Amino acid sequence: MYSVALVSAVFVVLLILSYPSRFVQSVSVYGCMLLSLFMVFVYSPTEKVQGIVQKIFYFHVSIALTMFIAFFVVFIASIMYLWKKSDWWDQIAFSSAEIGTLFCTLVLLTGPIWARPIWGTWWTWDPTLTLTLILWLIYVAYLMLRADAYDVKRARLAAIVGIVGFLDVPLIRWSVEKWRTLHPKPVVIQEGGTTGLTPDMLLTFLVCLGTFILLYFYLLRQRVSLAQSQYLLDTLRREIDEGLPG
Amino acid sequence: MRVCRGERERVKNLWYLFAAYSVIWTALFMYAARLSRKHKELEEELRLLQAQVAKALAK
């Protein structure tokens with residue numbers, strides 16, 4: 001049943017993103033966000049041990065997984081940029097890095113808010129948390145490299161940072177699965193392919209995950225469009241400055 | 001994860017839940033607003049450039 005739901009969700013996401021109207025895309029994204037909130041606060045049951053604060057899980061984990069997708073896109077686009085030297089790949093990498101960093105910031109903010117009532121502390125230098133903080137610092141450095149106007153040398157250096165930075169992602173995943181730490185082990189898919197969630201919790205989680213993936217691709221499309229416009233405008237301005245006296 | 005249905009659900013730590021969801025929504029809306037503002041700035045810059053080109057061509 002859930003594989004059918006997942007395939008349907010992917011199909012809906014692709015359908016929405018392929019629709020040319022920006023208005024329809026925006027409405028769909030906001031609609032999915034509202035549906036997610038309904039699923040989290042009305043549909044899904046309250047967990048017995050943690051109580052209502054466990055509901056942070058649905059958005060926290062969905063954002064974390066979407067963040068991994070965003071940084072994977074940076075990784076692929078950076079390799080393609082270094083290989084093909086096409087500005088389009090650079091714009092994709094930069095845009096995805098910006099959104100991935102936003103999502104990483106949200107993971108680092110919502111994690112401690114969840115940890116405080118459950119672990120009794122806001123932060124601990126646990127390997128998973130520390131590696132996530134390192135990931136955030138790497139991509140903040142990436143964005144700082146790209147803060148000024150477009151420069152080929154900086155773009156290439158940023159691409160290398162984007163590729164190397166992604167190596168932290170499998171480490172985080174590995175630390176969650178194998179390291180004996182305060183951070184809980186995977187709940188959605190456990191060892192042996194079973195799930196630690198009840199069916200209604202799993203469905204709520206899948207809806208939230210689908211929503212954030214849709215939101216990511218929606219924001220990526222907007223951000224790439226903006227980056228392309230900025231690039232064209234900069235080129236035009238340069239040409240005018242060179243061609244027009246005064 | 002066990003589920004308690006039928007019995008009174010323990011509603012505790014509501015503040016943390018509110019804080020987490022507020023952080024997420026505020027950040028997402030701020031980012032969307034920033035994209036929208038940048039888009040407007042680019043349109044304005046493009047209008048200025050067009051005016052500059054038109055002025056230069058008229059000379």
# chains A, B, ... in the order shown; residues from 1 in each chain; ligands from 1
>>> residues_around(residues="segment 17-23 of chain B", least_positions_apart="5", cutoff="9 Å", atoms="only C-alpha atoms", output="PyMOL selection string")
(chain A and resi 52-56+59-60+106+109-111+113-114) or (chain B and resi 28)
>>> residues_around(residues="Phe205 of chain A", least_positions_apart="2", cutoff="10 Å", atoms="only C-alpha atoms", output="ChimeraX atom specification")
/A:36,39-40,44,55,57-59,61-62,188,197,199-203,207-211
>>> atom_distance(atom1="atom CA of Ser28 of chain A", atom2="atom CA of Ala27 of chain B")
19.3 Å
>>> residues_around(residues="Ser229 of chain A", least_positions_apart="5", cutoff="10 Å", atoms="only C-alpha atoms", output="PyMOL selection string")
(chain A and resi 223-224+234-235) or (chain B and resi 39+42-43+46)
>>> write_last_selection(atoms="C-alpha atoms", output="tab-separated table (two decimals), in the first residue's frame")
chain	number	residue	atom	x	y	z
A	223	ARG	CA	16.15	30.19	-7.30
A	224	VAL	CA	17.70	28.90	-10.54
A	234	ASP	CA	25.23	41.21	-15.23
A	235	THR	CA	26.32	40.22	-18.74
B	39	HIS	CA	12.98	39.13	-8.27
B	42	LEU	CA	16.04	42.46	-10.86
B	43	GLU	CA	12.96	43.68	-12.74
B	46	LEU	CA	16.23	45.65	-16.05
>>> closest_residue(among="A:Thr121, A:Thr101, A:Gln230, A:Thr204", to="chain B", atoms="only C-alpha atoms")
A:Gln230
>>> residues_around(residues="Gly31 of chain A", least_positions_apart="2", cutoff="12 Å", atoms="only C-alpha atoms", output="list in words")
Ile16, Val24, Gln25, Ser26, Val27, Ser28, Val29, Met33, Leu34, Leu35, Ser36, Leu37, Phe38, Val207, Cys208, Thr211, Leu214 and Leu215 of chain A
>>> residues_around(residues="Arg180 of chain A", least_positions_apart="6", cutoff="12 Å", atoms="only C-alpha atoms", output="JSON, numbers by chain")
{"A": [126, 127, 128, 174]}
>>> write_last_selection(atoms="N, CA, C and O atoms", output="tab-separated table (two decimals), in the first residue's frame")
chain	number	residue	atom	x	y	z
A	126	ASP	N	27.54	15.12	20.34
A	126	ASP	CA	27.27	13.78	19.83
A	126	ASP	C	27.78	13.72	18.37
A	126	ASP	O	27.70	14.73	17.66
A	127	PRO	N	28.34	12.60	17.89
A	127	PRO	CA	28.89	12.57	16.52
A	127	PRO	C	27.90	13.03	15.45
A	127	PRO	O	28.27	13.78	14.55
A	128	THR	N	26.64	12.59	15.54
A	128	THR	CA	25.66	12.97	14.51
A	128	THR	C	25.43	14.48	14.49
A	128	THR	O	25.42	15.11	13.43
A	174	TRP	N	25.84	7.25	8.43
A	174	TRP	CA	26.53	6.14	9.08
A	174	TRP	C	26.51	6.31	10.60
A	174	TRP	O	26.29	5.36	11.35
>>> select_by_dssp(residues="segment 36-123 of chain A", states="helix (DSSP H, G or I)", output="PyMOL selection string")
chain A and resi 36-43+52-84+87-119
>>> residues_around(residues="segment 160-166 of chain A", least_positions_apart="6", cutoff="7 Å", atoms="only C-alpha atoms", output="NGL selection string")
:A and (71-72 or 74-75 or 78 or 135 or 138 or 142)
>>> closest_residue(among="B:Ile24, B:Ala32, B:Lys40, B:Ala51", to="Cys104 of chain A", atoms="only C-alpha atoms")
B:Ile24
>>> atom_distance(atom1="atom CA of Leu220 of chain A", atom2="atom CA of Trp89 of chain A")
12.6 Å
>>> closest_residue(among="A:Leu219, A:Lys48, A:Arg237, A:Gly120", to="Arg34 of chain B", atoms="only C-alpha atoms")
A:Leu219
>>> decode(residues="segment 72-215 of chain A", atoms="C-alpha atoms", output="PDB file, in the first residue's frame")
ATOM      1  CA  PHE A  72      23.420  15.529  -3.459  1.00  0.00           C
ATOM      2  CA  VAL A  73      22.204  17.864  -6.233  1.00  0.00           C
ATOM      3  CA  VAL A  74      25.066  20.258  -5.324  1.00  0.00           C
ATOM      4  CA  PHE A  75      27.499  17.332  -5.551  1.00  0.00           C
ATOM      5  CA  ILE A  76      26.284  16.198  -8.992  1.00  0.00           C
ATOM      6  CA  ALA A  77      25.912  19.745 -10.380  1.00  0.00           C
ATOM      7  CA  SER A  78      29.408  20.702  -9.136  1.00  0.00           C
ATOM      8  CA  ILE A  79      30.957  17.678 -10.867  1.00  0.00           C
ATOM      9  CA  MET A  80      29.068  18.535 -14.052  1.00  0.00           C
ATOM     10  CA  TYR A  81      30.193  22.176 -13.812  1.00  0.00           C
ATOM     11  CA  LEU A  82      33.866  21.217 -13.483  1.00  0.00           C
ATOM     12  CA  TRP A  83      33.484  18.756 -16.354  1.00  0.00           C
ATOM     13  CA  LYS A  84      31.296  20.702 -18.807  1.00  0.00           C
ATOM     14  CA  LYS A  85      32.172  24.255 -17.644  1.00  0.00           C
ATOM     15  CA  SER A  86      28.557  25.235 -18.205  1.00  0.00           C
ATOM     16  CA  ASP A  87      27.158  28.159 -16.177  1.00  0.00           C
ATOM     17  CA  TRP A  88      23.818  26.369 -15.985  1.00  0.00           C
ATOM     18  CA  TRP A  89      25.297  23.614 -13.784  1.00  0.00           C
ATOM     19  CA  ASP A  90      26.935  26.245 -11.596  1.00  0.00           C
ATOM     20  CA  GLN A  91      23.591  28.012 -11.136  1.00  0.00           C
ATOM     21  CA  ILE A  92      21.933  24.707 -10.165  1.00  0.00           C
ATOM     22  CA  ALA A  93      24.723  23.908  -7.660  1.00  0.00           C
ATOM     23  CA  PHE A  94      24.659  27.376  -6.096  1.00  0.00           C
ATOM     24  CA  SER A  95      20.857  27.478  -5.860  1.00  0.00           C
ATOM     25  CA  SER A  96      20.652  23.990  -4.358  1.00  0.00           C
ATOM     26  CA  ALA A  97      23.423  24.818  -1.864  1.00  0.00           C
ATOM     27  CA  GLU A  98      21.487  27.866  -0.678  1.00  0.00           C
ATOM     28  CA  ILE A  99      18.279  25.874  -0.140  1.00  0.00           C
ATOM     29  CA  GLY A 100      20.204  22.942   1.389  1.00  0.00           C
ATOM     30  CA  THR A 101      21.861  25.317   3.857  1.00  0.00           C
ATOM     31  CA  LEU A 102      18.455  26.761   4.771  1.00  0.00           C
ATOM     32  CA  PHE A 103      17.158  23.230   5.429  1.00  0.00           C
ATOM     33  CA  CYS A 104      20.326  22.334   7.366  1.00  0.00           C
ATOM     34  CA  THR A 105      19.790  25.440   9.537  1.00  0.00           C
ATOM     35  CA  LEU A 106      16.229  24.277  10.231  1.00  0.00           C
ATOM     36  CA  VAL A 107      17.474  20.799  11.171  1.00  0.00           C
ATOM     37  CA  LEU A 108      20.026  22.333  13.559  1.00  0.00           C
ATOM     38  CA  LEU A 109      17.351  24.570  15.122  1.00  0.00           C
ATOM     39  CA  THR A 110      14.495  22.057  15.431  1.00  0.00           C
ATOM     40  CA  GLY A 111      16.799  19.277  16.688  1.00  0.00           C
ATOM     41  CA  PRO A 112      17.776  21.077  19.922  1.00  0.00           C
ATOM     42  CA  ILE A 113      14.166  22.223  20.462  1.00  0.00           C
ATOM     43  CA  TRP A 114      13.150  18.552  20.346  1.00  0.00           C
ATOM     44  CA  ALA A 115      16.186  17.416  22.366  1.00  0.00           C
ATOM     45  CA  ARG A 116      15.614  19.782  25.306  1.00  0.00           C
ATOM     46  CA  PRO A 117      12.473  18.097  26.717  1.00  0.00           C
ATOM     47  CA  ILE A 118      13.595  14.559  25.748  1.00  0.00           C
ATOM     48  CA  TRP A 119      17.337  14.519  26.517  1.00  0.00           C
ATOM     49  CA  GLY A 120      17.267  17.351  29.050  1.00  0.00           C
ATOM     50  CA  THR A 121      19.825  19.383  27.111  1.00  0.00           C
ATOM     51  CA  TRP A 122      19.768  21.684  24.089  1.00  0.00           C
ATOM     52  CA  TRP A 123      22.995  20.408  22.606  1.00  0.00           C
ATOM     53  CA  THR A 124      25.539  17.667  23.092  1.00  0.00           C
ATOM     54  CA  TRP A 125      28.723  17.021  21.120  1.00  0.00           C
ATOM     55  CA  ASP A 126      27.274  13.782  19.827  1.00  0.00           C
ATOM     56  CA  PRO A 127      28.889  12.572  16.524  1.00  0.00           C
ATOM     57  CA  THR A 128      25.656  12.965  14.511  1.00  0.00           C
ATOM     58  CA  LEU A 129      25.012  16.498  15.766  1.00  0.00           C
ATOM     59  CA  THR A 130      28.652  17.518  15.379  1.00  0.00           C
ATOM     60  CA  LEU A 131      28.870  16.146  11.832  1.00  0.00           C
ATOM     61  CA  THR A 132      25.658  18.003  10.920  1.00  0.00           C
ATOM     62  CA  LEU A 133      27.117  21.219  12.319  1.00  0.00           C
ATOM     63  CA  ILE A 134      30.277  20.619  10.248  1.00  0.00           C
ATOM     64  CA  LEU A 135      28.109  20.069   7.162  1.00  0.00           C
ATOM     65  CA  TRP A 136      26.368  23.388   7.824  1.00  0.00           C
ATOM     66  CA  LEU A 137      29.713  25.186   8.248  1.00  0.00           C
ATOM     67  CA  ILE A 138      31.030  23.709   4.976  1.00  0.00           C
ATOM     68  CA  TYR A 139      28.048  24.954   2.990  1.00  0.00           C
ATOM     69  CA  VAL A 140      28.043  28.350   4.741  1.00  0.00           C
ATOM     70  CA  ALA A 141      31.678  28.613   3.559  1.00  0.00           C
ATOM     71  CA  TYR A 142      30.478  27.632   0.069  1.00  0.00           C
ATOM     72  CA  LEU A 143      27.878  30.426   0.112  1.00  0.00           C
ATOM     73  CA  MET A 144      30.414  32.945   1.439  1.00  0.00           C
ATOM     74  CA  LEU A 145      32.715  32.056  -1.461  1.00  0.00           C
ATOM     75  CA  ARG A 146      29.854  32.863  -3.817  1.00  0.00           C
ATOM     76  CA  ALA A 147      28.649  35.986  -1.987  1.00  0.00           C
ATOM     77  CA  ASP A 148      30.289  38.434  -4.394  1.00  0.00           C
ATOM     78  CA  ALA A 149      29.693  38.837  -8.103  1.00  0.00           C
ATOM     79  CA  TYR A 150      30.238  35.874 -10.426  1.00  0.00           C
ATOM     80  CA  ASP A 151      33.878  34.900 -10.788  1.00  0.00           C
ATOM     81  CA  VAL A 152      35.035  31.741 -12.607  1.00  0.00           C
ATOM     82  CA  LYS A 153      37.868  31.023 -10.138  1.00  0.00           C
ATOM     83  CA  ARG A 154      35.565  31.317  -7.127  1.00  0.00           C
ATOM     84  CA  ALA A 155      32.887  29.238  -8.872  1.00  0.00           C
ATOM     85  CA  ARG A 156      35.424  26.435  -9.479  1.00  0.00           C
ATOM     86  CA  LEU A 157      36.697  26.593  -5.900  1.00  0.00           C
ATOM     87  CA  ALA A 158      33.113  26.534  -4.623  1.00  0.00           C
ATOM     88  CA  ALA A 159      32.400  23.493  -6.822  1.00  0.00           C
ATOM     89  CA  ILE A 160      35.310  21.655  -5.155  1.00  0.00           C
ATOM     90  CA  VAL A 161      33.954  22.639  -1.713  1.00  0.00           C
ATOM     91  CA  GLY A 162      30.502  21.417  -2.823  1.00  0.00           C
ATOM     92  CA  ILE A 163      31.914  18.040  -3.862  1.00  0.00           C
ATOM     93  CA  VAL A 164      34.140  17.544  -0.810  1.00  0.00           C
ATOM     94  CA  GLY A 165      31.422  18.815   1.545  1.00  0.00           C
ATOM     95  CA  PHE A 166      29.024  16.150   0.376  1.00  0.00           C
ATOM     96  CA  LEU A 167      31.354  13.445   1.746  1.00  0.00           C
ATOM     97  CA  ASP A 168      30.065  14.465   5.190  1.00  0.00           C
ATOM     98  CA  VAL A 169      26.532  13.279   4.290  1.00  0.00           C
ATOM     99  CA  PRO A 170      27.248   9.499   4.234  1.00  0.00           C
ATOM    100  CA  LEU A 171      29.197   9.994   7.481  1.00  0.00           C
ATOM    101  CA  ILE A 172      26.115  11.503   9.124  1.00  0.00           C
ATOM    102  CA  ARG A 173      23.956   8.648   7.850  1.00  0.00           C
ATOM    103  CA  TRP A 174      26.527   6.143   9.081  1.00  0.00           C
ATOM    104  CA  SER A 175      26.742   7.815  12.506  1.00  0.00           C
ATOM    105  CA  VAL A 176      22.947   7.619  12.891  1.00  0.00           C
ATOM    106  CA  GLU A 177      22.901   3.907  12.010  1.00  0.00           C
ATOM    107  CA  LYS A 178      26.071   2.529  13.573  1.00  0.00           C
ATOM    108  CA  TRP A 179      27.323   4.878  16.278  1.00  0.00           C
ATOM    109  CA  ARG A 180      25.939   4.318  19.751  1.00  0.00           C
ATOM    110  CA  THR A 181      24.955   7.903  20.559  1.00  0.00           C
ATOM    111  CA  LEU A 182      22.180   9.966  22.118  1.00  0.00           C
ATOM    112  CA  HIS A 183      20.683  10.575  18.680  1.00  0.00           C
ATOM    113  CA  PRO A 184      18.041   7.895  18.017  1.00  0.00           C
ATOM    114  CA  LYS A 185      18.644   5.211  15.415  1.00  0.00           C
ATOM    115  CA  PRO A 186      16.533   5.267  12.211  1.00  0.00           C
ATOM    116  CA  VAL A 187      12.866   4.745  13.012  1.00  0.00           C
ATOM    117  CA  VAL A 188      11.211   4.879   9.597  1.00  0.00           C
ATOM    118  CA  ILE A 189      13.201   1.988   8.087  1.00  0.00           C
ATOM    119  CA  GLN A 190      14.990  -0.119  10.667  1.00  0.00           C
ATOM    120  CA  GLU A 191      17.465  -2.951  10.229  1.00  0.00           C
ATOM    121  CA  GLY A 192      15.746  -5.848   8.480  1.00  0.00           C
ATOM    122  CA  GLY A 193      13.475  -3.523   6.505  1.00  0.00           C
ATOM    123  CA  THR A 194      10.826  -3.140   9.205  1.00  0.00           C
ATOM    124  CA  THR A 195       9.419   0.181  10.404  1.00  0.00           C
ATOM    125  CA  GLY A 196       9.170   1.497  13.940  1.00  0.00           C
ATOM    126  CA  LEU A 197       6.165   3.631  13.090  1.00  0.00           C
ATOM    127  CA  THR A 198       2.483   2.726  13.243  1.00  0.00           C
ATOM    128  CA  PRO A 199       0.709   2.834   9.823  1.00  0.00           C
ATOM    129  CA  ASP A 200      -0.903   6.251  10.459  1.00  0.00           C
ATOM    130  CA  MET A 201       2.407   7.699  11.666  1.00  0.00           C
ATOM    131  CA  LEU A 202       4.174   6.302   8.608  1.00  0.00           C
ATOM    132  CA  LEU A 203       1.572   7.758   6.260  1.00  0.00           C
ATOM    133  CA  THR A 204       1.885  11.166   7.983  1.00  0.00           C
ATOM    134  CA  PHE A 205       5.649  11.001   7.648  1.00  0.00           C
ATOM    135  CA  LEU A 206       5.444  10.111   3.932  1.00  0.00           C
ATOM    136  CA  VAL A 207       3.081  13.040   3.291  1.00  0.00           C
ATOM    137  CA  CYS A 208       5.479  15.414   5.094  1.00  0.00           C
ATOM    138  CA  LEU A 209       8.484  14.023   3.219  1.00  0.00           C
ATOM    139  CA  GLY A 210       6.671  14.387  -0.134  1.00  0.00           C
ATOM    140  CA  THR A 211       5.712  17.959   0.773  1.00  0.00           C
ATOM    141  CA  PHE A 212       9.272  18.979   1.594  1.00  0.00           C
ATOM    142  CA  ILE A 213      10.658  17.342  -1.539  1.00  0.00           C
ATOM    143  CA  LEU A 214       8.041  19.231  -3.558  1.00  0.00           C
ATOM    144  CA  LEU A 215       8.904  22.462  -1.711  1.00  0.00           C
TER     145      LEU A 215
END
